file query-v9.cif (mmCIF, C-alpha atoms)
data_my_file
#
loop_
_atom_site.group_PDB
_atom_site.id
_atom_site.type_symbol
_atom_site.label_atom_id
_atom_site.label_comp_id
_atom_site.auth_asym_id
_atom_site.auth_seq_id
_atom_site.Cartn_x
_atom_site.Cartn_y
_atom_site.Cartn_z
ATOM 1 C CA MET A 1424 90.555 83.088 86.855
ATOM 2 C CA ALA A 1425 92.637 82.876 90.047
ATOM 3 C CA GLU A 1426 93.813 79.372 89.122
ATOM 4 C CA ARG A 1427 95.407 80.785 85.941
ATOM 5 C CA ILE A 1428 97.514 83.319 87.829
ATOM 6 C CA THR A 1429 100.331 81.123 89.108
ATOM 7 C CA TYR A 1430 103.292 83.418 88.447
ATOM 8 C CA LEU A 1431 102.954 85.868 91.360
ATOM 9 C CA LEU A 1432 104.645 85.362 94.732
ATOM 10 C CA GLU A 1433 101.594 83.613 96.207
ATOM 11 C CA PRO A 1434 98.640 81.813 94.658
ATOM 12 C CA LEU A 1435 95.389 83.770 94.441
ATOM 13 C CA ARG A 1436 91.881 82.776 95.457
ATOM 14 C CA LEU A 1437 88.501 84.411 94.937
ATOM 15 C CA LEU A 1438 87.515 85.752 98.346
ATOM 16 C CA GLU A 1439 84.191 87.373 97.530
ATOM 17 C CA ALA A 1440 82.080 88.408 94.577
ATOM 18 C CA SER A 1441 78.851 90.336 94.490
ATOM 19 C CA GLY A 1442 77.104 92.269 91.778
ATOM 20 C CA ASP A 1443 79.750 94.177 89.889
ATOM 21 C CA ARG A 1444 82.784 93.610 92.154
ATOM 22 C CA ALA A 1445 85.107 90.757 93.008
ATOM 23 C CA LEU A 1446 87.967 90.495 95.495
ATOM 24 C CA VAL A 1447 90.825 88.084 94.833
ATOM 25 C CA ARG A 1448 93.529 87.716 97.475
ATOM 26 C CA SER A 1449 96.703 85.744 98.157
ATOM 27 C CA ALA A 1450 95.862 82.403 99.729
ATOM 28 C CA PRO A 1451 97.807 81.698 101.761
ATOM 29 C CA PRO A 1452 99.596 85.007 102.291
ATOM 30 C CA GLY A 1453 103.389 85.098 102.167
ATOM 31 C CA GLY A 1454 105.544 84.808 105.273
ATOM 32 C CA ALA A 1455 105.596 82.423 108.204
ATOM 33 C CA PRO A 1456 102.053 81.463 109.307
ATOM 34 C CA TYR A 1457 102.665 82.671 112.868
ATOM 35 C CA GLY A 1458 105.286 85.301 112.076
ATOM 36 C CA GLU A 1459 105.060 88.984 112.875
ATOM 37 C CA THR A 1460 104.295 90.009 109.282
ATOM 38 C CA ARG A 1461 102.415 88.527 106.339
ATOM 39 C CA ASP A 1462 102.528 89.950 102.803
ATOM 40 C CA TYR A 1463 99.680 89.468 100.356
ATOM 41 C CA TYR A 1464 98.167 90.649 97.085
ATOM 42 C CA GLU A 1465 94.700 92.107 96.871
ATOM 43 C CA LEU A 1466 93.089 92.304 93.440
ATOM 44 C CA TRP A 1467 89.803 94.188 93.107
ATOM 45 C CA ILE A 1468 87.882 93.824 89.861
ATOM 46 C CA THR A 1469 84.954 96.147 89.164
ATOM 47 C CA TRP A 1470 82.949 95.889 85.966
ATOM 48 C CA THR A 1471 80.090 98.004 84.687
ATOM 49 C CA GLY A 1472 78.797 97.163 81.243
ATOM 50 C CA ARG A 1473 81.752 97.288 78.879
ATOM 51 C CA ALA A 1474 84.207 98.965 81.272
ATOM 52 C CA THR A 1475 86.350 96.999 83.715
ATOM 53 C CA GLU A 1476 88.632 98.377 86.399
ATOM 54 C CA VAL A 1477 91.415 96.241 87.846
ATOM 55 C CA GLU A 1478 93.256 97.356 90.966
ATOM 56 C CA LEU A 1479 96.210 95.320 92.231
ATOM 57 C CA ARG A 1480 97.825 96.164 95.551
ATOM 58 C CA ARG A 1481 100.262 94.475 97.870
ATOM 59 C CA TYR A 1482 100.012 94.798 101.631
ATOM 60 C CA ARG A 1483 101.981 93.795 104.686
ATOM 61 C CA TYR A 1484 99.934 92.900 107.741
ATOM 62 C CA THR A 1485 101.793 93.460 111.005
ATOM 63 C CA ARG A 1486 100.371 91.281 113.739
ATOM 64 C CA SER A 1487 101.509 93.390 116.725
ATOM 65 C CA LEU A 1488 100.037 96.569 115.221
ATOM 66 C CA ARG A 1489 96.940 94.779 113.931
ATOM 67 C CA ARG A 1490 97.018 96.753 110.711
ATOM 68 C CA ARG A 1491 98.172 96.570 107.147
ATOM 69 C CA SER A 1492 100.346 98.918 105.153
ATOM 70 C CA PRO A 1493 100.880 99.198 101.385
ATOM 71 C CA ARG A 1494 103.970 97.554 99.897
ATOM 72 C CA PRO A 1495 105.638 98.095 96.534
ATOM 73 C CA ILE A 1496 104.932 95.580 93.778
ATOM 74 C CA ASP A 1497 107.744 94.550 91.461
ATOM 75 C CA LEU A 1498 106.299 93.447 88.119
ATOM 76 C CA THR A 1499 107.866 93.518 84.700
ATOM 77 C CA TRP A 1500 105.773 94.919 81.852
ATOM 78 C CA GLU A 1501 105.533 91.363 80.546
ATOM 79 C CA VAL A 1502 104.066 90.022 83.808
ATOM 80 C CA ALA A 1503 101.712 93.014 84.140
ATOM 81 C CA GLY A 1504 100.430 92.394 80.609
ATOM 82 C CA ARG A 1505 100.008 88.691 81.285
ATOM 83 C CA LEU A 1506 98.074 89.474 84.468
ATOM 84 C CA LEU A 1507 95.708 91.811 82.622
ATOM 85 C CA ASP A 1508 95.228 89.215 79.873
ATOM 86 C CA ASP A 1509 94.379 86.544 82.457
ATOM 87 C CA VAL A 1510 91.904 88.843 84.218
ATOM 88 C CA ARG A 1511 90.301 89.725 80.862
ATOM 89 C CA ASP A 1512 90.071 86.069 79.847
ATOM 90 C CA GLY A 1513 88.558 85.191 83.230
ATOM 91 C CA LEU A 1514 85.939 87.902 82.847
ATOM 92 C CA LEU A 1515 85.113 86.764 79.317
ATOM 93 C CA ALA A 1516 84.693 83.183 80.550
ATOM 94 C CA ARG A 1517 82.479 84.480 83.360
ATOM 95 C CA SER A 1518 80.237 86.345 80.938
ATOM 96 C CA GLU A 1519 79.960 83.304 78.648
ATOM 97 C CA THR A 1520 78.800 81.078 81.494
ATOM 98 C CA GLY A 1521 76.420 83.731 82.834
ATOM 99 C CA GLU A 1522 77.933 83.828 86.325
#

call {"tool": "encode", "arguments": {"input": "query-v9.cif", "output": "structure tokens"}}
result
Amino acid sequence: MAERITYLLEPLRLLEASGDRALVRSAPPGGAPYGETRDYYELWITWTGRATEVELRRYRYTRSLRRRSPRPIDLTWEVAGRLLDDVRDGLLARSETGE
């Protein structure tokens, strides 16, 4: 699914998946590799039976503080809908292959 989502500020990559949850994150995060701050998306997907919850957040990691803080996300309704469609299609493909 992450390979389909190419229209955000950074590419996404599956970071971990177990049971009923998956974490997809920007890879690599935005910003200079050794800069003071790095911005990234974090997409949590939780599914239980027929219900699926999708949570998209954007964070800024500040190296000197060694912590992250939430950032606003600017998405049009069109991009938000496309993102949800791509997540849905990825989950459907996952269920068809039995992963």

call {"tool": "residues_around", "arguments": {"input": "query-v9.cif", "residues": "stretch 1494-1498 of chain A", "least_positions_apart": "3", "cutoff": "12 Å", "atoms": "all atoms listed in the file", "output": "list in words"}}
result
Tyr1430, Leu1431, Leu1432, Arg1461, Asp1462, Tyr1463, Tyr1464, Glu1465, Leu1479, Arg1480, Arg1481, Tyr1482, Arg1483, Tyr1484, Arg1491, Glu1501, Val1502, Ala1503, Gly1504, Arg1505 and Leu1506 of chain A

call {"tool": "write_last_selection", "arguments": {"input": "query-v9.cif", "atoms": "C-alpha atoms", "output": "tab-separated table (two decimals), in the coordinates of the input"}}
result
chain	number	residue	atom	x	y	z
A	1430	TYR	CA	103.29	83.42	88.45
A	1431	LEU	CA	102.95	85.87	91.36
A	1432	LEU	CA	104.64	85.36	94.73
A	1461	ARG	CA	102.42	88.53	106.34
A	1462	ASP	CA	102.53	89.95	102.80
A	1463	TYR	CA	99.68	89.47	100.36
A	1464	TYR	CA	98.17	90.65	97.08
A	1465	GLU	CA	94.70	92.11	96.87
A	1479	LEU	CA	96.21	95.32	92.23
A	1480	ARG	CA	97.82	96.16	95.55
A	1481	ARG	CA	100.26	94.48	97.87
A	1482	TYR	CA	100.01	94.80	101.63
A	1483	ARG	CA	101.98	93.80	104.69
A	1484	TYR	CA	99.93	92.90	107.74
A	1491	ARG	CA	98.17	96.57	107.15
A	1501	GLU	CA	105.53	91.36	80.55
A	1502	VAL	CA	104.07	90.02	83.81
A	1503	ALA	CA	101.71	93.01	84.14
A	1504	GLY	CA	100.43	92.39	80.61
A	1505	ARG	CA	100.01	88.69	81.28
A	1506	LEU	CA	98.07	89.47	84.47

call {"tool": "closest_residue", "arguments": {"input": "query-v9.cif", "among": "A:Arg1473, A:Leu1446, A:Ser1487, A:Pro1493", "to": "A:Leu1515", "atoms": "only C-alpha atoms"}}
result
A:Arg1473

call {"tool": "closest_residue", "arguments": {"input": "query-v9.cif", "among": "A:Glu1476, A:Ile1468, A:Glu1459, A:Ala1516", "to": "A:Arg1489", "atoms": "all atoms listed in the file"}}
result
A:Glu1459

call {"tool": "atom_distance", "arguments": {"input": "query-v9.cif", "atom1": "atom CA of A:Thr1469", "atom2": "atom CA of A:Asp1509"}}
result
15.0 Å

call {"tool": "atom_distance", "arguments": {"input": "query-v9.cif", "atom1": "atom CA of A:Ser1449", "atom2": "atom CA of A:Glu1433"}}
result
5.7 Å

call {"tool": "resolve_selection", "arguments": {"input": "query-v9.cif", "expression": "the PyMOL selection byres ((chain A and resi 1437) around 10)", "output": "ChimeraX atom specification"}}
result
/A:1424-1426,1435-1436,1438-1440,1445-1450,1466

call {"tool": "build_atoms", "arguments": {"input": "query-v9.cif", "residues": "stretch 1472-1495 of chain A", "atoms": "N, CA and C atoms", "output": "PDB file, keeping the file's coordinate frame"}}
result
ATOM      1  N   GLY A1472      79.019  97.224  82.690  1.00  0.00           N
ATOM      2  CA  GLY A1472      78.797  97.163  81.243  1.00  0.00           C
ATOM      3  C   GLY A1472      80.053  96.742  80.524  1.00  0.00           C
ATOM      4  N   ARG A1473      80.575  97.624  79.679  1.00  0.00           N
ATOM      5  CA  ARG A1473      81.752  97.288  78.879  1.00  0.00           C
ATOM      6  C   ARG A1473      83.058  97.720  79.530  1.00  0.00           C
ATOM      7  N   ALA A1474      82.985  98.482  80.608  1.00  0.00           N
ATOM      8  CA  ALA A1474      84.207  98.965  81.272  1.00  0.00           C
ATOM      9  C   ALA A1474      84.571  98.067  82.450  1.00  0.00           C
ATOM     10  N   THR A1475      85.861  97.806  82.600  1.00  0.00           N
ATOM     11  CA  THR A1475      86.350  96.999  83.715  1.00  0.00           C
ATOM     12  C   THR A1475      87.535  97.714  84.343  1.00  0.00           C
ATOM     13  N   GLU A1476      87.525  97.776  85.661  1.00  0.00           N
ATOM     14  CA  GLU A1476      88.632  98.377  86.399  1.00  0.00           C
ATOM     15  C   GLU A1476      89.311  97.283  87.211  1.00  0.00           C
ATOM     16  N   VAL A1477      90.629  97.232  87.113  1.00  0.00           N
ATOM     17  CA  VAL A1477      91.415  96.241  87.846  1.00  0.00           C
ATOM     18  C   VAL A1477      92.386  97.003  88.729  1.00  0.00           C
ATOM     19  N   GLU A1478      92.368  96.692  90.018  1.00  0.00           N
ATOM     20  CA  GLU A1478      93.256  97.356  90.966  1.00  0.00           C
ATOM     21  C   GLU A1478      94.031  96.289  91.737  1.00  0.00           C
ATOM     22  N   LEU A1479      95.347  96.280  91.544  1.00  0.00           N
ATOM     23  CA  LEU A1479      96.210  95.320  92.231  1.00  0.00           C
ATOM     24  C   LEU A1479      97.047  96.070  93.250  1.00  0.00           C
ATOM     25  N   ARG A1480      97.011  95.584  94.480  1.00  0.00           N
ATOM     26  CA  ARG A1480      97.825  96.164  95.551  1.00  0.00           C
ATOM     27  C   ARG A1480      98.492  95.047  96.330  1.00  0.00           C
ATOM     28  N   ARG A1481      99.567  95.416  96.999  1.00  0.00           N
ATOM     29  CA  ARG A1481     100.262  94.475  97.870  1.00  0.00           C
ATOM     30  C   ARG A1481     100.317  95.109  99.251  1.00  0.00           C
ATOM     31  N   TYR A1482     100.042  94.307 100.259  1.00  0.00           N
ATOM     32  CA  TYR A1482     100.012  94.798 101.631  1.00  0.00           C
ATOM     33  C   TYR A1482     100.896  93.935 102.527  1.00  0.00           C
ATOM     34  N   ARG A1483     101.315  94.532 103.612  1.00  0.00           N
ATOM     35  CA  ARG A1483     101.981  93.795 104.686  1.00  0.00           C
ATOM     36  C   ARG A1483     101.148  93.989 105.940  1.00  0.00           C
ATOM     37  N   TYR A1484     100.678  92.865 106.482  1.00  0.00           N
ATOM     38  CA  TYR A1484      99.934  92.900 107.741  1.00  0.00           C
ATOM     39  C   TYR A1484     100.927  92.677 108.865  1.00  0.00           C
ATOM     40  N   THR A1485     100.921  93.582 109.841  1.00  0.00           N
ATOM     41  CA  THR A1485     101.793  93.460 111.005  1.00  0.00           C
ATOM     42  C   THR A1485     100.936  93.060 112.197  1.00  0.00           C
ATOM     43  N   ARG A1486     101.199  91.867 112.690  1.00  0.00           N
ATOM     44  CA  ARG A1486     100.371  91.281 113.739  1.00  0.00           C
ATOM     45  C   ARG A1486     100.333  92.151 114.999  1.00  0.00           C
ATOM     46  N   SER A1487     101.474  92.626 115.473  1.00  0.00           N
ATOM     47  CA  SER A1487     101.509  93.390 116.725  1.00  0.00           C
ATOM     48  C   SER A1487     100.767  94.724 116.617  1.00  0.00           C
ATOM     49  N   LEU A1488     100.746  95.301 115.423  1.00  0.00           N
ATOM     50  CA  LEU A1488     100.037  96.569 115.221  1.00  0.00           C
ATOM     51  C   LEU A1488      98.583  96.361 114.817  1.00  0.00           C
ATOM     52  N   ARG A1489      98.285  95.145 114.393  1.00  0.00           N
ATOM     53  CA  ARG A1489      96.940  94.779 113.931  1.00  0.00           C
ATOM     54  C   ARG A1489      96.467  95.695 112.801  1.00  0.00           C
ATOM     55  N   ARG A1490      97.394  95.949 111.870  1.00  0.00           N
ATOM     56  CA  ARG A1490      97.018  96.753 110.711  1.00  0.00           C
ATOM     57  C   ARG A1490      97.893  96.403 109.524  1.00  0.00           C
ATOM     58  N   ARG A1491      97.430  96.830 108.371  1.00  0.00           N
ATOM     59  CA  ARG A1491      98.172  96.570 107.147  1.00  0.00           C
ATOM     60  C   ARG A1491      98.703  97.882 106.581  1.00  0.00           C
ATOM     61  N   SER A1492      99.771  97.754 105.815  1.00  0.00           N
ATOM     62  CA  SER A1492     100.346  98.918 105.153  1.00  0.00           C
ATOM     63  C   SER A1492     100.691  98.531 103.722  1.00  0.00           C
ATOM     64  N   PRO A1493     100.583  99.497 102.788  1.00  0.00           N
ATOM     65  CA  PRO A1493     100.880  99.198 101.385  1.00  0.00           C
ATOM     66  C   PRO A1493     102.353  98.853 101.191  1.00  0.00           C
ATOM     67  N   ARG A1494     102.617  97.972 100.247  1.00  0.00           N
ATOM     68  CA  ARG A1494     103.970  97.554  99.897  1.00  0.00           C
ATOM     69  C   ARG A1494     104.163  97.769  98.398  1.00  0.00           C
ATOM     70  N   PRO A1495     105.402  97.990  97.984  1.00  0.00           N
ATOM     71  CA  PRO A1495     105.638  98.095  96.534  1.00  0.00           C
ATOM     72  C   PRO A1495     105.448  96.743  95.852  1.00  0.00           C
TER      73      PRO A1495
END
